[in-house]
Amino acid sequence: MHFITVDFDKSIERSVFDCEVHSALNTYIAQHAGQDEKRNVSRTFMYVEDGVLLGYYSLANASVALEELSEEQKKRMPRYPMPAVLLSRLAVDKGMQGVGLGQRLMSDFFRRVYTVSKQSGVAFVVVDAKDQEAADYYQRKLGFVPSTNNPLRLVLSTATLIQAFKDKE
């Protein structure tokens, strides 16, 4: 399967998207993603097959305070808020769950973070998990670490991620 995400496209039917787990993710893509695009609040990338939206993610800029980081993540970091990219939404339609689409969307997201890192500092990737099950996924599968302030806010240093992409070039 050739994998390409597209920039948010309001012409794609979004109201039938159903991730089944969190209705807020369905509402977001159907009603709010376009508004956030116009206001430059976030960018949404969609995986569309045969004109049908099967998954999406949204990203935005953020910052991470030193006190949110684990002891390991604090090493050699400055004492002021550090630049981050926020994975603000990630959802896969119920008909495509369990086949690796979420992992492929995350790979696409990480490629975008790497591209941004070539133009601007990006010390961390942050995600606010919707529930503990999602937080467990980000920790177990992707190496995110819970914030010291909130177990559903997870943080990943981009240093290893950036180096892995550089090694491939």
# chains A, B, ... in the order shown; residues from 1 in each chain; ligands from 1
>>> select_by_dssp(residues="chain A", states="helix (DSSP H, G or I)", output="MDAnalysis selection string")
chainID A and resid 23:38 66:68 71:74 94:96 101:117 132:142 159:168
>>> select_by_dssp(residues="chain A", states="strand (DSSP E)", output="short mmCIF file (atom, residue, chain, number, x, y, z; two decimals) with C-alpha atoms, in the first residue's frame")
data_model
loop_
_atom_site.label_atom_id
_atom_site.label_comp_id
_atom_site.auth_asym_id
_atom_site.auth_seq_id
_atom_site.Cartn_x
_atom_site.Cartn_y
_atom_site.Cartn_z
CA THR A 5 -1.00 11.82 3.79
CA VAL A 6 -2.51 14.97 2.35
CA ASP A 7 -2.90 18.40 3.85
CA ARG A 43 -2.16 21.65 10.81
CA THR A 44 -4.05 18.47 10.04
CA PHE A 45 -2.84 15.72 7.74
CA MET A 46 -5.26 13.16 6.41
CA TYR A 47 -4.89 9.64 5.10
CA VAL A 48 -7.47 9.24 2.37
CA GLU A 49 -8.09 6.14 0.26
CA VAL A 52 -12.59 8.15 2.11
CA LEU A 53 -10.91 9.59 5.22
CA LEU A 54 -9.38 6.66 7.12
CA GLY A 55 -7.10 8.45 9.58
CA TYR A 56 -5.63 11.80 10.49
CA TYR A 57 -3.35 13.62 12.85
CA SER A 58 -2.94 17.26 13.82
CA LEU A 59 0.18 19.02 14.97
CA ALA A 60 0.92 22.36 16.54
CA ASN A 61 3.81 24.14 18.20
CA ALA A 62 4.28 23.95 21.94
CA SER A 63 6.87 24.37 24.65
CA VAL A 64 7.98 22.14 27.49
CA MET A 82 12.08 24.38 25.30
CA PRO A 83 10.50 24.20 21.84
CA ALA A 84 8.31 21.21 21.06
CA VAL A 85 5.87 19.91 18.50
CA LEU A 86 2.51 18.88 19.90
CA LEU A 87 0.73 15.88 18.41
CA SER A 88 -2.65 17.37 19.20
CA ARG A 89 -4.82 14.67 17.60
CA LEU A 90 -4.34 11.18 16.16
CA ALA A 91 -7.29 9.05 15.06
CA VAL A 92 -7.92 6.02 12.89
CA PHE A 124 10.69 17.47 22.23
CA VAL A 125 7.50 15.95 20.88
CA VAL A 126 4.52 16.22 23.24
CA VAL A 127 1.22 14.36 23.20
CA ASP A 128 -1.76 14.71 25.52
CA VAL A 145 7.81 9.34 28.92
CA PRO A 146 5.03 10.69 31.19
CA ARG A 153 0.95 14.30 28.99
CA LEU A 154 3.80 12.42 27.39
CA VAL A 155 7.13 13.75 26.18
CA LEU A 156 9.68 12.34 23.74
CA SER A 157 13.12 13.82 23.15
#
>>> atom_distance(atom1="CA of Lys118 (chain A)", atom2="CA of Pro81 (chain A)")
19.7 Å
>>> residues_around(residues="Leu152 (chain A)", least_positions_apart="5", cutoff="12 Å", atoms="only C-alpha atoms", output="list in words")
Glu68, Val126, Val127, Asp128, Ala129, Lys130, Asp131, Gln132, Glu133, Ala134, Ala135, Asp136, Tyr137, Tyr138, Gln139, Phe144, Val145, Pro146 and Ser147 of chain A
>>> write_last_selection(atoms="N, CA and C atoms", output="compact mmCIF listing (two decimals), in the first residue's frame")
# COMPACT_ATOMS: atom_id res chain seq x y z
N GLU A 68 8.53 19.60 33.77
CA GLU A 68 7.69 18.55 33.19
C GLU A 68 8.47 17.30 32.80
N VAL A 126 5.45 16.32 22.12
CA VAL A 126 4.52 16.22 23.24
C VAL A 126 3.19 15.68 22.73
N VAL A 127 2.58 14.83 23.51
CA VAL A 127 1.22 14.36 23.20
C VAL A 127 0.42 14.35 24.49
N ASP A 128 -0.83 14.78 24.40
CA ASP A 128 -1.76 14.71 25.52
C ASP A 128 -2.70 13.55 25.22
N ALA A 129 -2.44 12.40 25.82
CA ALA A 129 -3.24 11.20 25.56
C ALA A 129 -4.67 11.38 26.07
N LYS A 130 -5.61 10.83 25.34
CA LYS A 130 -7.02 10.94 25.73
C LYS A 130 -7.37 10.08 26.95
N ASP A 131 -6.62 8.99 27.14
CA ASP A 131 -6.89 8.11 28.27
C ASP A 131 -5.62 7.30 28.56
N GLN A 132 -5.70 6.48 29.61
CA GLN A 132 -4.52 5.70 30.01
C GLN A 132 -4.13 4.67 28.96
N GLU A 133 -5.10 4.11 28.27
CA GLU A 133 -4.79 3.14 27.21
C GLU A 133 -3.96 3.78 26.11
N ALA A 134 -4.33 4.98 25.71
CA ALA A 134 -3.55 5.71 24.69
C ALA A 134 -2.17 6.06 25.24
N ALA A 135 -2.11 6.49 26.50
CA ALA A 135 -0.81 6.82 27.11
C ALA A 135 0.10 5.59 27.13
N ASP A 136 -0.46 4.44 27.45
CA ASP A 136 0.32 3.21 27.45
C ASP A 136 0.88 2.91 26.07
N TYR A 137 0.07 3.13 25.03
CA TYR A 137 0.52 2.90 23.65
C TYR A 137 1.73 3.79 23.34
N TYR A 138 1.62 5.08 23.63
CA TYR A 138 2.71 6.01 23.33
C TYR A 138 3.99 5.63 24.10
N GLN A 139 3.82 5.16 25.32
CA GLN A 139 4.99 4.77 26.11
C GLN A 139 5.60 3.46 25.60
N PHE A 144 7.67 7.31 24.52
CA PHE A 144 7.32 8.55 25.23
C PHE A 144 7.42 8.30 26.73
N VAL A 145 7.67 9.38 27.47
CA VAL A 145 7.81 9.34 28.92
C VAL A 145 6.75 10.27 29.52
N PRO A 146 6.04 9.81 30.56
CA PRO A 146 5.03 10.69 31.19
C PRO A 146 5.66 11.94 31.77
N SER A 147 4.96 13.04 31.65
CA SER A 147 5.37 14.28 32.29
C SER A 147 5.30 14.09 33.80
>>> residues_around(residues="Leu161 (chain A)", least_positions_apart="6", cutoff="12 Å", atoms="only C-alpha atoms", output="list in words")
Ser107, Phe109, Phe110, Arg111, Arg112, Val113, Tyr114, Thr115, Ser117, Val122, Ala123, Phe124, Val125, Leu142, Gly143, Phe144, Asp167 and Lys168 of chain A
>>> atom_distance(atom1="CA of Ser70 (chain A)", atom2="CA of Thr148 (chain A)")
6.5 Å
>>> atom_distance(atom1="CA of Ser120 (chain A)", atom2="CA of Ala164 (chain A)")
17.7 Å
>>> residues_around(residues="Glu20 (chain A)", least_positions_apart="5", cutoff="12 Å", atoms="only C-alpha atoms", output="VMD selection string")
chain A and resid 25 to 27 91 to 97
>>> write_last_selection(atoms="C-alpha atoms", output="mmCIF file, in the first residue's frame")
data_model
loop_
_atom_site.group_PDB
_atom_site.id
_atom_site.type_symbol
_atom_site.label_atom_id
_atom_site.label_comp_id
_atom_site.auth_asym_id
_atom_site.auth_seq_id
_atom_site.Cartn_x
_atom_site.Cartn_y
_atom_site.Cartn_z
ATOM 1 C CA LEU A 25 -11.818 13.119 17.747
ATOM 2 C CA ASN A 26 -14.720 12.607 15.332
ATOM 3 C CA THR A 27 -16.150 16.034 16.138
ATOM 4 C CA ALA A 91 -7.286 9.053 15.061
ATOM 5 C CA VAL A 92 -7.917 6.021 12.890
ATOM 6 C CA ASP A 93 -11.344 5.077 11.545
ATOM 7 C CA LYS A 94 -12.806 2.016 13.268
ATOM 8 C CA GLY A 95 -12.667 0.009 10.026
ATOM 9 C CA MET A 96 -8.872 0.453 9.825
ATOM 10 C CA GLN A 97 -7.906 -0.112 13.439
#
